[in-house]
>>> print(open('structure26.pdb').read())   # PDB, C-alpha atoms
MODEL        1
ATOM      1  CA  MET A  20      28.178  11.869   2.099
ATOM      2  CA  ASP A  21      26.749  10.191  -1.039
ATOM      3  CA  ILE A  22      30.084  10.741  -2.770
ATOM      4  CA  PHE A  23      31.861   8.415  -0.364
ATOM      5  CA  GLN A  24      29.045   5.884  -0.509
ATOM      6  CA  PHE A  25      29.364   5.692  -4.290
ATOM      7  CA  ALA A  26      33.144   5.513  -3.885
ATOM      8  CA  SER A  27      32.855   2.556  -1.529
ATOM      9  CA  TYR A  28      30.769   0.714  -4.135
ATOM     10  CA  ALA A  29      33.351   1.466  -6.825
ATOM     11  CA  SER A  30      36.191   0.244  -4.599
ATOM     12  CA  THR A  31      34.904  -3.322  -4.971
ATOM     13  CA  PHE A  32      35.950  -3.212  -8.637
ATOM     14  CA  THR A  33      39.299  -1.438  -8.319
ATOM     15  CA  ASP A  34      42.057  -1.140  -5.742
ATOM     16  CA  LYS A  35      42.966   2.418  -6.728
ATOM     17  CA  LEU A  36      41.425   4.910  -4.370
ATOM     18  CA  TRP A  37      41.521   7.846  -6.769
ATOM     19  CA  ILE A  38      39.471   5.889  -9.331
ATOM     20  CA  SER A  39      36.894   5.053  -6.667
ATOM     21  CA  LEU A  40      36.637   8.688  -5.611
ATOM     22  CA  LEU A  41      36.334   9.823  -9.237
ATOM     23  CA  VAL A  42      33.476   7.390  -9.856
ATOM     24  CA  GLY A  43      31.845   8.548  -6.629
ATOM     25  CA  VAL A  44      31.979  12.186  -7.733
ATOM     26  CA  LEU A  45      30.500  11.441 -11.167
ATOM     27  CA  CYS A  46      27.650   9.362  -9.763
ATOM     28  CA  PHE A  47      26.976  11.998  -7.119
ATOM     29  CA  LEU A  48      26.706  14.729  -9.763
ATOM     30  CA  ILE A  49      24.136  12.739 -11.734
ATOM     31  CA  VAL A  50      21.929  12.118  -8.700
ATOM     32  CA  TYR A  51      22.501  15.686  -7.503
ATOM     33  CA  ILE A  52      21.124  17.135 -10.759
ATOM     34  CA  PHE A  53      18.036  14.922 -10.629
ATOM     35  CA  GLN A  54      17.364  15.891  -7.023
ATOM     36  CA  GLY A  55      17.804  19.590  -7.769
ATOM     37  CA  LEU A  56      15.329  19.418 -10.662
ATOM     38  CA  GLY A  57      12.827  17.491  -8.570
ATOM     39  CA  LEU A  58      12.984  19.796  -5.551
ATOM     40  CA  TYR A  59      12.865  22.937  -7.677
ATOM     41  CA  THR A  60       9.773  21.673  -9.529
ATOM     42  CA  ILE A  61       8.017  20.803  -6.282
ATOM     43  CA  ALA A  62       8.901  24.126  -4.656
ATOM     44  CA  THR A  63       7.658  26.070  -7.691
ATOM     45  CA  ARG A  64       4.308  24.265  -7.773
ATOM     46  CA  GLU A  65       3.766  24.435  -4.000
ATOM     47  CA  GLY A  66       4.797  28.082  -3.811
ATOM     48  CA  TYR A  67       7.787  27.739  -1.482
ATOM     49  CA  THR A  68      10.343  30.538  -1.420
ATOM     50  CA  LYS A  69      14.147  30.353  -1.622
ATOM     51  CA  ARG A  70      13.967  27.736  -4.336
ATOM     52  CA  TRP A  71      17.644  28.257  -5.090
ATOM     53  CA  LEU A  72      18.435  26.147  -2.004
ATOM     54  CA  ALA A  73      17.381  23.105  -4.044
ATOM     55  CA  TRP A  74      20.704  23.417  -5.924
ATOM     56  CA  ILE A  75      23.020  23.874  -2.932
ATOM     57  CA  PRO A  76      24.856  20.781  -1.617
ATOM     58  CA  PHE A  77      23.933  19.861   1.962
ATOM     59  CA  ALA A  78      21.146  22.455   1.841
ATOM     60  CA  GLN A  79      19.178  20.050  -0.321
ATOM     61  CA  LEU A  80      18.428  17.962   2.765
ATOM     62  CA  TYR A  81      17.149  21.059   4.527
ATOM     63  CA  TYR A  82      14.965  21.927   1.546
ATOM     64  CA  ILE A  83      13.527  18.418   1.527
ATOM     65  CA  GLY A  84      12.236  19.243   4.994
ATOM     66  CA  VAL A  85      10.858  22.543   3.669
ATOM     67  CA  CYS A  86       8.921  20.766   0.914
ATOM     68  CA  ALA A  87       7.551  18.231   3.433
ATOM     69  CA  GLN A  88       5.960  20.820   5.749
ATOM     70  CA  LYS A  89       2.458  19.379   5.291
ATOM     71  CA  ASN A  90       3.527  16.441   7.451
ATOM     72  CA  LYS A  91       5.467  16.407  10.721
ATOM     73  CA  VAL A  92       8.424  14.194  11.565
ATOM     74  CA  PHE A  93       7.440  14.020  15.211
ATOM     75  CA  ASN A  94       4.426  15.380  17.044
ATOM     76  CA  ASN A  95       6.317  18.419  18.312
ATOM     77  CA  MET A  96       8.861  18.864  15.508
ATOM     78  CA  GLY A  97       8.132  19.988  11.999
ATOM     79  CA  SER A  98       9.934  18.633   8.977
ATOM     80  CA  ARG A  99      11.626  21.975   8.336
ATOM     81  CA  GLN A 100      13.450  22.014  11.687
ATOM     82  CA  PHE A 101      14.323  18.345  11.379
ATOM     83  CA  GLY A 102      15.654  18.924   7.857
ATOM     84  CA  LEU A 103      18.009  21.564   9.230
ATOM     85  CA  ALA A 104      19.302  19.078  11.822
ATOM     86  CA  VAL A 105      19.898  16.448   9.128
ATOM     87  CA  CYS A 106      21.702  19.033   7.009
ATOM     88  CA  ILE A 107      24.091  19.903   9.861
ATOM     89  CA  PHE A 108      24.708  16.219  10.584
ATOM     90  CA  ASP A 109      25.471  15.634   6.898
ATOM     91  CA  ILE A 110      28.149  18.336   7.030
ATOM     92  CA  ILE A 111      29.697  16.677  10.087
ATOM     93  CA  MET A 112      29.711  13.319   8.321
ATOM     94  CA  PHE A 113      31.318  14.824   5.227
ATOM     95  CA  LEU A 114      34.117  16.404   7.280
ATOM     96  CA  GLY A 115      34.666  13.100   9.083
ATOM     97  CA  TYR A 116      35.090  11.226   5.790
ATOM     98  CA  VAL A 117      37.421  13.912   4.451
ATOM     99  CA  LEU A 118      39.561  13.580   7.587
ATOM    100  CA  TYR A 119      39.624   9.802   7.214
ATOM    101  CA  TYR A 120      40.732   9.859   3.565
ATOM    102  CA  VAL A 121      43.354  12.555   4.233
ATOM    103  CA  SER A 122      44.868  10.413   6.963
ATOM    104  CA  TYR A 123      44.829   7.446   4.601
ATOM    105  CA  PHE A 124      46.867   9.280   1.960
ATOM    106  CA  LEU A 125      49.339  10.459   4.622
ATOM    107  CA  VAL A 126      50.113   7.069   6.179
ATOM    108  CA  LYS A 127      49.299   4.504   3.491
ATOM    109  CA  ASP A 128      52.998   4.146   2.588
ATOM    110  CA  TYR A 129      53.859   3.294   6.205
ATOM    111  CA  ALA A 130      51.019   0.811   6.817
ATOM    112  CA  TYR A 131      50.911  -2.955   6.378
ATOM    113  CA  TYR A 132      48.641  -5.804   7.491
ATOM    114  CA  THR A 133      49.507  -9.027   9.283
ATOM    115  CA  GLN A 134      47.369 -12.122   8.705
ATOM    116  CA  THR A 135      46.424 -14.547  11.470
ATOM    117  CA  ASP A 136      44.987 -17.977  10.689
ATOM    118  CA  TYR A 137      42.381 -19.267  13.174
ATOM    119  CA  GLY A 138      41.566 -22.423  11.235
ATOM    120  CA  TYR A 139      38.169 -21.321   9.985
ATOM    121  CA  TYR A 140      38.842 -17.674   9.119
ATOM    122  CA  TYR A 141      41.598 -15.092   8.822
ATOM    123  CA  THR A 142      41.989 -11.813  10.655
ATOM    124  CA  TYR A 143      44.015  -8.860   9.454
ATOM    125  CA  THR A 144      45.699  -6.432  11.806
ATOM    126  CA  LEU A 145      46.841  -2.974  10.710
ATOM    127  CA  ASN A 146      50.426  -2.125  11.634
ATOM    128  CA  PHE A 147      52.841   0.704  10.875
ATOM    129  CA  TYR A 148      56.536   0.591  10.135
ATOM    130  CA  ASN A 149      59.012   2.137  12.524
ATOM    131  CA  THR A 150      59.773   4.693   9.846
ATOM    132  CA  LEU A 151      56.413   6.429  10.453
ATOM    133  CA  PRO A 152      57.189  10.073  11.368
ATOM    134  CA  ALA A 153      56.166  11.132  14.830
ATOM    135  CA  ASN A 154      54.129  14.064  13.499
ATOM    136  CA  LEU A 155      51.812  11.584  11.686
ATOM    137  CA  ASP A 156      50.771   9.672  14.776
ATOM    138  CA  TRP A 157      47.391  11.429  14.750
ATOM    139  CA  ALA A 158      46.824  10.379  11.113
ATOM    140  CA  ALA A 159      47.764   6.803  11.937
ATOM    141  CA  TRP A 160      45.253   6.744  14.801
ATOM    142  CA  ILE A 161      42.484   8.181  12.600
ATOM    143  CA  TYR A 162      43.215   5.707   9.836
ATOM    144  CA  ALA A 163      43.283   2.758  12.242
ATOM    145  CA  TYR A 164      40.389   3.529  14.586
ATOM    146  CA  PHE A 165      38.316   6.521  13.482
ATOM    147  CA  TYR A 166      36.072   4.736  10.993
ATOM    148  CA  ASP A 167      35.467   1.554  12.993
ATOM    149  CA  TYR A 168      34.737   3.195  16.334
ATOM    150  CA  ILE A 169      33.299   6.605  15.459
ATOM    151  CA  LEU A 170      32.448   7.165  11.817
ATOM    152  CA  SER A 171      30.517   3.916  11.312
ATOM    153  CA  TRP A 172      28.259   4.684  14.300
ATOM    154  CA  LEU A 173      27.677   8.224  13.115
ATOM    155  CA  GLU A 174      26.744   6.828   9.730
ATOM    156  CA  LEU A 175      24.113   4.580  11.330
ATOM    157  CA  ILE A 176      22.597   7.560  13.161
ATOM    158  CA  PHE A 177      22.620   9.541   9.929
ATOM    159  CA  ILE A 178      20.712   6.789   8.094
ATOM    160  CA  ILE A 179      18.033   6.755  10.797
ATOM    161  CA  MET A 180      17.700  10.543  10.641
ATOM    162  CA  LYS A 181      17.326  10.434   6.868
ATOM    163  CA  LEU A 182      14.684   7.728   7.212
ATOM    164  CA  PHE A 183      12.528   9.980   9.428
ATOM    165  CA  LEU A 184      12.995  12.963   7.125
ATOM    166  CA  PHE A 185      12.259  11.036   3.939
ATOM    167  CA  THR A 186       9.199   9.468   5.552
ATOM    168  CA  ALA A 187       7.676  12.923   6.044
ATOM    169  CA  PHE A 188       8.625  13.921   2.491
ATOM    170  CA  TYR A 189       7.240  10.850   0.730
ATOM    171  CA  ARG A 190       4.113  10.836   2.860
ATOM    172  CA  THR A 191       3.513  14.232   1.310
ATOM    173  CA  TYR A 192       4.240  13.399  -2.338
ATOM    174  CA  SER A 193       3.847   9.602  -2.568
ATOM    175  CA  SER A 194       1.492   8.505   0.192
ATOM    176  CA  ARG A 195       0.862   5.052  -1.228
ATOM    177  CA  ARG A 196       4.553   4.082  -1.493
ATOM    178  CA  TYR A 197       6.136   6.294   1.128
ATOM    179  CA  MET A 198       7.658   3.444   3.154
ATOM    180  CA  LEU A 199       9.385   1.849   0.161
ATOM    181  CA  PHE A 200      10.786   5.143  -1.111
ATOM    182  CA  SER A 201      11.922   6.204   2.368
ATOM    183  CA  ILE A 202      13.847   2.995   3.041
ATOM    184  CA  VAL A 203      15.488   2.907  -0.390
ATOM    185  CA  GLY A 204      16.403   6.604  -0.246
ATOM    186  CA  SER A 205      17.928   6.197   3.214
ATOM    187  CA  LEU A 206      20.023   3.118   2.537
ATOM    188  CA  LEU A 207      21.099   3.807  -1.050
ATOM    189  CA  PRO A 208      22.429   7.060  -2.542
ATOM    190  CA  VAL A 209      19.605   7.274  -5.094
ATOM    191  CA  ASN A 210      17.178   9.520  -3.258
ATOM    192  CA  GLY A 211      17.601  12.279  -5.850
ATOM    193  CA  ILE A 212      16.236  10.018  -8.586
ATOM    194  CA  ILE A 213      13.176   9.142  -6.464
ATOM    195  CA  VAL A 214      12.565  12.836  -5.778
ATOM    196  CA  TYR A 215      12.646  13.457  -9.511
ATOM    197  CA  VAL A 216      10.108  10.657 -10.091
ATOM    198  CA  VAL A 217       7.535  12.128  -7.659
ATOM    199  CA  ARG A 218       8.113  15.768  -8.636
ATOM    200  CA  ASN A 219       4.721  16.127 -10.376
ATOM    201  CA  ASN A 220       2.660  14.786  -7.458
ATOM    202  CA  LYS A 221       0.659  17.287  -5.461
ATOM    203  CA  GLY A 222       1.570  17.556  -1.785
ATOM    204  CA  ILE A 223      -1.063  16.379   0.703
ATOM    205  CA  ASN A 224      -1.382  15.745   4.405
ATOM    206  CA  TYR A 225      -1.069  12.038   5.127
ATOM    207  CA  ASN A 226      -3.895  12.027   7.695
ATOM    208  CA  ASP A 227      -6.228  13.595   5.136
ATOM    209  CA  TYR A 228      -5.189  10.952   2.634
ATOM    210  CA  ILE A 229      -5.986   8.124   5.070
ATOM    211  CA  ARG A 230      -9.366   9.689   5.869
ATOM    212  CA  ARG A 231     -10.286   9.958   2.190
ATOM    213  CA  VAL A 232      -9.259   6.347   1.577
ATOM    214  CA  ARG A 233     -11.457   5.163   4.446
ATOM    215  CA  GLU A 234     -14.403   7.233   3.229
ATOM    216  CA  GLU A 235     -14.028   5.837  -0.282
ATOM    217  CA  ASN A 236     -13.866   2.265   0.997
ATOM    218  CA  TYR A 237     -16.943   2.843   3.166
ATOM    219  CA  ARG A 238     -18.843   4.363   0.217
ATOM    220  CA  ARG A 239     -18.063   1.332  -1.940
ATOM    221  CA  TYR A 240     -19.155  -0.963   0.860
ATOM    222  CA  GLN A 241     -22.497   0.860   1.147
ATOM    223  CA  GLN A 242     -23.049   0.610  -2.601
ATOM    224  CA  GLN A 243     -22.433  -3.128  -2.522
ATOM    225  CA  GLN A 244     -24.904  -3.578   0.318
ATOM    226  CA  GLN A 245     -27.617  -1.587  -1.493
ATOM    227  CA  ASN A 246     -27.172  -3.318  -4.861
ATOM    228  CA  PRO A 247     -30.029  -5.880  -5.262
ATOM    229  CA  TYR A 248     -28.077  -7.717  -7.969
ATOM    230  CA  ASN A 249     -25.110  -8.326  -5.717
ATOM    231  CA  GLN A 250     -26.801 -10.943  -3.536
ATOM    232  CA  ASN A 251     -24.886 -14.157  -3.328
ATOM    233  CA  PRO A 252     -27.236 -17.106  -4.052
ATOM    234  CA  TYR A 253     -24.949 -19.404  -2.091
ATOM    235  CA  SER A 254     -24.898 -17.288   1.049
ATOM    236  CA  ARG A 255     -28.118 -18.732   2.550
ATOM    237  CA  GLY A 256     -26.219 -21.235   4.660
ATOM    238  CA  TYR A 257     -27.250 -24.626   5.928
ATOM    239  CA  GLY A 258     -30.893 -25.145   6.825
ATOM    240  CA  ALA A 259     -32.217 -22.426   4.512
ATOM    241  CA  PRO A 260     -35.198 -23.315   2.274
ATOM    242  CA  PRO A 261     -34.295 -24.199  -1.306
ATOM    243  CA  PRO A 262     -35.177 -21.831  -4.131
ATOM    244  CA  GLN A 263     -38.493 -22.157  -5.947
ATOM    245  CA  ASP A 264     -36.885 -23.437  -9.120
ATOM    246  CA  ASP A 265     -34.753 -26.084  -7.444
ATOM    247  CA  PRO A 266     -35.285 -29.276  -9.537
ATOM    248  CA  TYR A 267     -34.380 -31.428  -6.536
ATOM    249  CA  SER A 268     -36.961 -29.979  -4.173
ATOM    250  CA  GLN A 269     -40.440 -31.363  -3.450
ATOM    251  CA  GLN A 270     -42.049 -28.562  -5.456
ATOM    252  CA  ASN A 271     -42.316 -28.146  -9.185
ATOM    253  CA  ASN A 272     -41.122 -25.201 -11.224
ATOM    254  CA  TYR A 273     -44.320 -23.275 -10.493
ATOM    255  CA  GLY A 274     -44.020 -23.479  -6.745
ATOM    256  CA  GLN A 275     -46.875 -26.009  -6.380
ATOM    257  CA  GLN A 276     -46.597 -29.132  -4.307
ATOM    258  CA  ASN A 277     -46.388 -32.335  -6.338
ATOM    259  CA  THR A 278     -49.626 -34.164  -5.346
ATOM    260  CA  GLN A 279     -49.690 -36.850  -8.011
ATOM    261  CA  GLY A 280     -49.537 -40.446  -7.001
ATOM    262  CA  SER A 281     -47.078 -43.022  -8.140
ATOM    263  CA  ALA A 282     -45.747 -42.955 -11.639
ATOM    264  CA  PRO A 283     -48.007 -44.554 -14.351
ATOM    265  CA  ASP A 284     -47.428 -48.148 -15.336
ATOM    266  CA  PRO A 285     -45.313 -48.250 -18.493
ATOM    267  CA  PHE A 286     -46.946 -51.594 -19.514
ATOM    268  CA  GLU A 287     -50.504 -50.347 -19.187
ATOM    269  CA  GLU A 288     -51.129 -50.567 -22.938
ATOM    270  CA  TYR A 289     -50.525 -54.338 -22.813
ATOM    271  CA  GLY A 290     -53.142 -54.934 -20.158
ATOM    272  CA  SER A 291     -53.042 -55.579 -16.428
ATOM    273  CA  SER A 292     -53.057 -58.911 -14.700
ATOM    274  CA  GLY A 293     -54.975 -57.626 -11.698
ATOM    275  CA  SER A 294     -57.891 -55.631 -13.208
ATOM    276  CA  ASP A 295     -60.090 -55.527 -16.274
ATOM    277  CA  ASN A 296     -60.757 -52.646 -18.598
ATOM    278  CA  SER A 297     -63.485 -51.298 -16.342
ATOM    279  CA  GLY A 298     -61.113 -51.174 -13.409
ATOM    280  CA  ASN A 299     -63.003 -53.952 -11.445
ATOM    281  CA  ASN A 300     -61.289 -56.929  -9.876
ATOM    282  CA  SER A 301     -61.804 -60.123 -11.893
ATOM    283  CA  GLY A 302     -61.394 -62.378  -8.906
ATOM    284  CA  GLY A 303     -58.005 -63.647  -9.876
ATOM    285  CA  GLY A 304     -58.943 -64.623 -13.430
ATOM    286  CA  SER A 305     -58.835 -62.675 -16.628
ATOM    287  CA  SER A 306     -61.947 -61.581 -18.526
ATOM    288  CA  SER A 307     -62.734 -63.368 -21.775
ATOM    289  CA  ASP A 308     -62.609 -60.051 -23.514
ATOM    290  CA  ASP A 309     -59.117 -59.533 -22.233
ATOM    291  CA  SER A 310     -57.770 -63.024 -22.968
ATOM    292  CA  PRO A 311     -54.732 -63.001 -25.161
ATOM    293  CA  PHE A 312     -55.855 -66.385 -26.666
ATOM    294  CA  ASP A 313     -59.180 -65.200 -28.007
ATOM    295  CA  GLU A 314     -57.902 -65.343 -31.536
ATOM    296  CA  PHE A 315     -57.476 -69.107 -31.224
ATOM    297  CA  ASN A 316     -61.086 -69.766 -30.118
TER     298      ASN A 316
ENDMDL
END
>>> encode(input="structure26.pdb", output="structure tokens")
Amino acid sequence: MDIFQFASYASTFTDKLWISLLVGVLCFLIVYIFQGLGLYTIATREGYTKRWLAWIPFAQLYYIGVCAQKNKVFNNMGSRQFGLAVCIFDIIMFLGYVLYYVSYFLVKDYAYYTQTDYGYYYTYTLNFYNTLPANLDWAAWIYAYFYDYILSWLELIFIIMKLFLFTAFYRTYSSRRYMLFSIVGSLLPVNGIIVYVVRNNKGINYNDYIRRVREENYRRYQQQQQNPYNQNPYSRGYGAPPPQDDPYSQQNNYGQQNTQGSAPDPFEEYGSSGSDNSGNNSGGGSSSDDSPFDEFN
């Protein structure tokens, strides 16, 4: 299946089908080797048997389900059984693509397209010359309708099945990024490289992982609550009493109420117009001892 997906990408750069298929085979072999190494390493560490299945085409999908047994795909279906179903579906898809490309090579010399202009876009209709042999009618039908009406829908179902299988696998070996790896591995033919990346991770049950994460978060929360140095000085809210060392409060730095009277007169050293040196009222006049003109007498 990945061979034809790589070939479809290569077809955007060349119009020769055999070049596209050759590129698809080469890219598939590279990813296939990475996936085999990754699955074999995981199976060896986890103690799974029949590790040779990690190197068999199509069976690799089944063995992905074997390595993901610590997590279920559905409540009543284990990943191993679901991996077998995906493996069988992959074989069906491969045979469907082979049939499509065989029909293409048989009738491509008898096919042509007609273009219709609708003003805003063009449509292309596949037609066949009258010289098409009668014994190739089945190939012409497959080439004209099989992919659009059957194979494309089967491919969509196959992507969804891979998504469920890869979710169980990456929940086991990459619990923190399982959704990202599952989506990328399902839509793009690079799942073997991702398997190779996570090959050294120990398999765990996803529910156990979530429970440990919650316990760790709760433990950190308890430590923060018990730490006396973690109190926020600005968390008192409105209406709370100011701190003891607040310079704008009515108390001094020592927590005592400020009971002094008004501030002292800054001109006290020059004398007062309302009192003498003894502090008694002079009756509106100044004392002779306090007169500023005494030096002239």
>>> closest_residue(input="structure26.pdb", among="A:Lys221, A:Leu173, A:Phe53, A:Tyr116", to="A:Gly66", atoms="only C-alpha atoms")
A:Lys221
>>> residues_near_point(input="structure26.pdb", point="(21.4, 17.0, 0.9)", cutoff="12 Å", atoms="only C-alpha atoms", output="PyMOL selection string")
chain A and resi 20-22+47+50-52+54-55+58+72-84+102-110+112-113+177+181+184-185+204-205+208-211+214
>>> residues_near_point(input="structure26.pdb", point="(52.8, -2.6, 6.9)", cutoff="10 Å", atoms="only C-alpha atoms", output="list in words")
Lys127, Asp128, Tyr129, Ala130, Tyr131, Tyr132, Thr133, Thr144, Leu145, Asn146, Phe147, Tyr148 and Asn149 of chain A
>>> write_last_selection(input="structure26.pdb", atoms="C-alpha atoms", output="short mmCIF file (atom, residue, chain, number, x, y, z; two decimals), keeping the file's coordinate frame")
data_model
loop_
_atom_site.label_atom_id
_atom_site.label_comp_id
_atom_site.auth_asym_id
_atom_site.auth_seq_id
_atom_site.Cartn_x
_atom_site.Cartn_y
_atom_site.Cartn_z
CA LYS A 127 49.30 4.50 3.49
CA ASP A 128 53.00 4.15 2.59
CA TYR A 129 53.86 3.29 6.20
CA ALA A 130 51.02 0.81 6.82
CA TYR A 131 50.91 -2.96 6.38
CA TYR A 132 48.64 -5.80 7.49
CA THR A 133 49.51 -9.03 9.28
CA THR A 144 45.70 -6.43 11.81
CA LEU A 145 46.84 -2.97 10.71
CA ASN A 146 50.43 -2.12 11.63
CA PHE A 147 52.84 0.70 10.88
CA TYR A 148 56.54 0.59 10.14
CA ASN A 149 59.01 2.14 12.52
#
>>> atom_distance(input="structure26.pdb", atom1="atom CA of A:Leu118", atom2="atom CA of A:Ile169")
12.2 Å
>>> atom_distance(input="structure26.pdb", atom1="atom CA of A:Val203", atom2="atom CA of A:Thr186")
10.9 Å
>>> atom_distance(input="structure26.pdb", atom1="atom CA of A:Gln245", atom2="atom CA of A:Asp227")
27.1 Å
>>> closest_residue(input="structure26.pdb", among="A:Tyr162, A:Tyr119, A:Tyr189, A:Phe23", to="A:Ala87", atoms="all atoms listed in the file")
A:Tyr189
>>> resolve_selection(input="structure26.pdb", expression="the PyMOL selection byres ((chain A and resi 65) around 12)", output="PDB file with C-alpha atoms, in the coordinates of the input")
ATOM      1  CA  LEU A  58      12.984  19.796  -5.551  1.00  0.00           C
ATOM      2  CA  TYR A  59      12.865  22.937  -7.677  1.00  0.00           C
ATOM      3  CA  THR A  60       9.773  21.673  -9.529  1.00  0.00           C
ATOM      4  CA  ILE A  61       8.017  20.803  -6.282  1.00  0.00           C
ATOM      5  CA  ALA A  62       8.901  24.126  -4.656  1.00  0.00           C
ATOM      6  CA  THR A  63       7.658  26.070  -7.691  1.00  0.00           C
ATOM      7  CA  ARG A  64       4.308  24.265  -7.773  1.00  0.00           C
ATOM      8  CA  GLY A  66       4.797  28.082  -3.811  1.00  0.00           C
ATOM      9  CA  TYR A  67       7.787  27.739  -1.482  1.00  0.00           C
ATOM     10  CA  THR A  68      10.343  30.538  -1.420  1.00  0.00           C
ATOM     11  CA  ARG A  70      13.967  27.736  -4.336  1.00  0.00           C
ATOM     12  CA  VAL A  85      10.858  22.543   3.669  1.00  0.00           C
ATOM     13  CA  CYS A  86       8.921  20.766   0.914  1.00  0.00           C
ATOM     14  CA  ALA A  87       7.551  18.231   3.433  1.00  0.00           C
ATOM     15  CA  GLN A  88       5.960  20.820   5.749  1.00  0.00           C
ATOM     16  CA  LYS A  89       2.458  19.379   5.291  1.00  0.00           C
ATOM     17  CA  THR A 191       3.513  14.232   1.310  1.00  0.00           C
ATOM     18  CA  TYR A 192       4.240  13.399  -2.338  1.00  0.00           C
ATOM     19  CA  ARG A 218       8.113  15.768  -8.636  1.00  0.00           C
ATOM     20  CA  ASN A 219       4.721  16.127 -10.376  1.00  0.00           C
ATOM     21  CA  ASN A 220       2.660  14.786  -7.458  1.00  0.00           C
ATOM     22  CA  LYS A 221       0.659  17.287  -5.461  1.00  0.00           C
ATOM     23  CA  GLY A 222       1.570  17.556  -1.785  1.00  0.00           C
ATOM     24  CA  ILE A 223      -1.063  16.379   0.703  1.00  0.00           C
TER      25      ILE A 223
END
